[in-house]
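Chemist: Submitted below is the structure of interest, expressed as structure tokens.
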Amino acid sequence: MNIIIMGKQGSGKGTQAKLIAEHYGLKHLSTGDLYRQKVAEKDELAMKMKEFSDKGELVPDELVIELVKENLGEEGTLFDGFPRTLEQAEKLDELIDIDMVIELQISDEEVKERMLKRGRVDDTEESINRRLDIYHEKTEPLIEYYRPRDIVREVDGTGSVEEIFERIKKVIDAEKAGE
Ligand code: AMP
């Protein structure tokens, strides 16, 4: 099973992605984590992009698509933070079939509050606002890209980690039961 989890940065997406991948035996593929790993390894291309990513800007599609190709799971993948643009979604369609897109729903206000608490280096107020703008502009339209396939499942992203995970499991289990 290949699942995409979508949600604004700070929606709790990463935490839920880990739980889902573990519970269903999927490979957790976070392009943000992979990108940070490349930066830590002083990868030339990733280092060049650091100035942009620190400001909350997206890094080029080619770079993330390469990271995705190198890290697909054999038994299914849970995509976290990818795709973020239409071009990435189209590229992904050439690589594999997507079974489900989970959209974690949460307001911009709540996201801002959570991210400022998270305290990551790229979590300045300016960068958070920039990332929300990019999400609305580039990533949110992807929901409509996938919707005609009837694979989009909206999940309330408010509440505790456990509560949200229960909602997600319900949605995935229902899908599996109908397979
Ligand atoms: P994240 O951990 O998902 O918030 O990603 C951190 C940063 O890595 C983002 O702000 C982007 O600069 C970059 N990044 C991660 N995933 C992608 C993607 N799919 N497309 C473009 N840039 C990405």
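Numbering starts fresh at 1 for the residues of each chain in the structure tokens, the chains themselves are lettered A, B, ... in the order given, and ligands are numbered from 1 as they appear.
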Determine, for each residue of chain A having at least one atom at most 9 Å from an atom of ligand 1, the closest pair of atoms and their separation in Å to one decimal, counting only C-alpha atoms and all ligand atoms; order by chain and ascending number, as JSON lines.

Modeler:
{"residue": "A:Lys8", "atom": "CA", "partner": "ligand 1", "partner_atom_place_in_ligand_line": "4 (O)", "distance": 8.6}
{"residue": "A:Gln9", "atom": "CA", "partner": "ligand 1", "partner_atom_place_in_ligand_line": "4 (O)", "distance": 5.5}
{"residue": "A:Gly10", "atom": "CA", "partner": "ligand 1", "partner_atom_place_in_ligand_line": "4 (O)", "distance": 7.9}
{"residue": "A:Lys13", "atom": "CA", "partner": "ligand 1", "partner_atom_place_in_ligand_line": "3 (O)", "distance": 9.0}
{"residue": "A:Gly14", "atom": "CA", "partner": "ligand 1", "partner_atom_place_in_ligand_line": "3 (O)", "distance": 8.0}
{"residue": "A:Ser30", "atom": "CA", "partner": "ligand 1", "partner_atom_place_in_ligand_line": "3 (O)", "distance": 6.7}
{"residue": "A:Thr31", "atom": "CA", "partner": "ligand 1", "partner_atom_place_in_ligand_line": "16 (N)", "distance": 4.4}
{"residue": "A:Gly32", "atom": "CA", "partner": "ligand 1", "partner_atom_place_in_ligand_line": "2 (O)", "distance": 3.5}
{"residue": "A:Asp33", "atom": "CA", "partner": "ligand 1", "partner_atom_place_in_ligand_line": "2 (O)", "distance": 5.7}
{"residue": "A:Leu34", "atom": "CA", "partner": "ligand 1", "partner_atom_place_in_ligand_line": "15 (C)", "distance": 8.0}
{"residue": "A:Tyr35", "atom": "CA", "partner": "ligand 1", "partner_atom_place_in_ligand_line": "8 (O)", "distance": 5.9}
{"residue": "A:Arg36", "atom": "CA", "partner": "ligand 1", "partner_atom_place_in_ligand_line": "8 (O)", "distance": 7.1}
{"residue": "A:Met49", "atom": "CA", "partner": "ligand 1", "partner_atom_place_in_ligand_line": "12 (O)", "distance": 7.8}
{"residue": "A:Lys50", "atom": "CA", "partner": "ligand 1", "partner_atom_place_in_ligand_line": "12 (O)", "distance": 7.7}
{"residue": "A:Phe52", "atom": "CA", "partner": "ligand 1", "partner_atom_place_in_ligand_line": "12 (O)", "distance": 6.5}
{"residue": "A:Ser53", "atom": "CA", "partner": "ligand 1", "partner_atom_place_in_ligand_line": "12 (O)", "distance": 3.6}
{"residue": "A:Asp54", "atom": "CA", "partner": "ligand 1", "partner_atom_place_in_ligand_line": "12 (O)", "distance": 6.9}
{"residue": "A:Lys55", "atom": "CA", "partner": "ligand 1", "partner_atom_place_in_ligand_line": "10 (O)", "distance": 7.5}
{"residue": "A:Gly56", "atom": "CA", "partner": "ligand 1", "partner_atom_place_in_ligand_line": "10 (O)", "distance": 4.4}
{"residue": "A:Glu57", "atom": "CA", "partner": "ligand 1", "partner_atom_place_in_ligand_line": "12 (O)", "distance": 4.9}
{"residue": "A:Leu58", "atom": "CA", "partner": "ligand 1", "partner_atom_place_in_ligand_line": "22 (N)", "distance": 3.7}
{"residue": "A:Val59", "atom": "CA", "partner": "ligand 1", "partner_atom_place_in_ligand_line": "22 (N)", "distance": 4.0}
{"residue": "A:Pro60", "atom": "CA", "partner": "ligand 1", "partner_atom_place_in_ligand_line": "21 (C)", "distance": 5.9}
{"residue": "A:Asp61", "atom": "CA", "partner": "ligand 1", "partner_atom_place_in_ligand_line": "20 (N)", "distance": 6.0}
{"residue": "A:Leu63", "atom": "CA", "partner": "ligand 1", "partner_atom_place_in_ligand_line": "21 (C)", "distance": 8.1}
{"residue": "A:Val64", "atom": "CA", "partner": "ligand 1", "partner_atom_place_in_ligand_line": "18 (C)", "distance": 5.7}
{"residue": "A:Ile65", "atom": "CA", "partner": "ligand 1", "partner_atom_place_in_ligand_line": "19 (N)", "distance": 7.9}
{"residue": "A:Val68", "atom": "CA", "partner": "ligand 1", "partner_atom_place_in_ligand_line": "19 (N)", "distance": 9.0}
{"residue": "A:Asp80", "atom": "CA", "partner": "ligand 1", "partner_atom_place_in_ligand_line": "3 (O)", "distance": 7.0}
{"residue": "A:Gly81", "atom": "CA", "partner": "ligand 1", "partner_atom_place_in_ligand_line": "3 (O)", "distance": 4.5}
{"residue": "A:Phe82", "atom": "CA", "partner": "ligand 1", "partner_atom_place_in_ligand_line": "19 (N)", "distance": 4.0}
{"residue": "A:Pro83", "atom": "CA", "partner": "ligand 1", "partner_atom_place_in_ligand_line": "19 (N)", "distance": 4.9}
{"residue": "A:Arg84", "atom": "CA", "partner": "ligand 1", "partner_atom_place_in_ligand_line": "19 (N)", "distance": 4.7}
{"residue": "A:Thr85", "atom": "CA", "partner": "ligand 1", "partner_atom_place_in_ligand_line": "20 (N)", "distance": 6.9}
{"residue": "A:Gln88", "atom": "CA", "partner": "ligand 1", "partner_atom_place_in_ligand_line": "19 (N)", "distance": 7.2}
{"residue": "A:Asp122", "atom": "CA", "partner": "ligand 1", "partner_atom_place_in_ligand_line": "10 (O)", "distance": 7.8}
{"residue": "A:Ser127", "atom": "CA", "partner": "ligand 1", "partner_atom_place_in_ligand_line": "10 (O)", "distance": 8.5}
{"residue": "A:Arg131", "atom": "CA", "partner": "ligand 1", "partner_atom_place_in_ligand_line": "10 (O)", "distance": 6.7}

Chemist: As a count of residues only, list the residues of chain A assigned to strand (DSSP E or B) by DSSP on the backbone atoms of this structure.

Modeler: 23

Chemist: Using DSSP assignments from the backbone, pull out every residue in range 26-148 of chain A that falls under alpha helix (DSSP H) and give it to me as a PyMOL selection string.

Modeler: chain A and resi 31-40+44-53+61-71+86-95+108-118+125-134+141-146

Chemist: Which residues of range 24-137 of chain A sit at most 9 Å from range 150-167 of chain A, using only C-alpha atoms? Give each one's shortest atom pair and distance in Å (one decimal place), in chain and ascending residue order, as CSV.

Modeler:
residue,atom,partner,partner_atom,distance
A:Ile98,CA,A:Ile151,CA,8.3
A:Asp99,CA,A:Ile151,CA,6.4
A:Met100,CA,A:Ile151,CA,4.8
A:Val101,CA,A:Val152,CA,4.7
A:Ile102,CA,A:Arg153,CA,4.9
A:Glu103,CA,A:Glu154,CA,4.8
A:Leu104,CA,A:Gly157,CA,4.9
A:Gln105,CA,A:Gly157,CA,4.8
A:Ile106,CA,A:Gly157,CA,5.3
A:Ser107,CA,A:Thr158,CA,8.9
A:Glu110,CA,A:Thr158,CA,8.7

Chemist: Using only C-alpha atoms, which of the listed residues (A:Glu44, A:Asp123, A:Asp173, A:Asp108) sits closest to Tyr135 in chain A?

Modeler: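 That would be A:Asp108, the residue with the smallest distance to Tyr135 in chain A.
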
Chemist: Out of A:Ala40, A:Ile4, A:Leu45, A:Ile20, which residue has the shortest atom-to-atom distance to Phe79 in chain A when counting only C-alpha atoms?

Modeler: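 For Phe79 in chain A, the nearest of the candidates is A:Ile4.
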
Chemist: Provide the CA of His23 in chain A to CA of Ile96 in chain A distance in Å, to one decimal place.

Modeler: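 These two atoms are separated by 21.3 Å.
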
Chemist: Distance CA of Glu70 in chain A-CA of Met6 in chain A, one decimal place?

Modeler: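 CA of Met6 in chain A lies at a distance of 20.9 Å from CA of Glu70 in chain A.
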
Chemist: Taking only C-alpha atoms into account, name the residue in A:Pro141, A:Arg147, A:Glu125, A:Glu75 that is nearest to Tyr24 in chain A.

Modeler: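 The shortest atom-to-atom distance to Tyr24 in chain A comes from A:Glu75.
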
Chemist: Return the single residue from A:Ile172, A:Ile5, A:Leu142, A:Met47 that is closest to Leu78 in chain A, with distances computed using only C-alpha atoms.

Modeler: A:Ile5
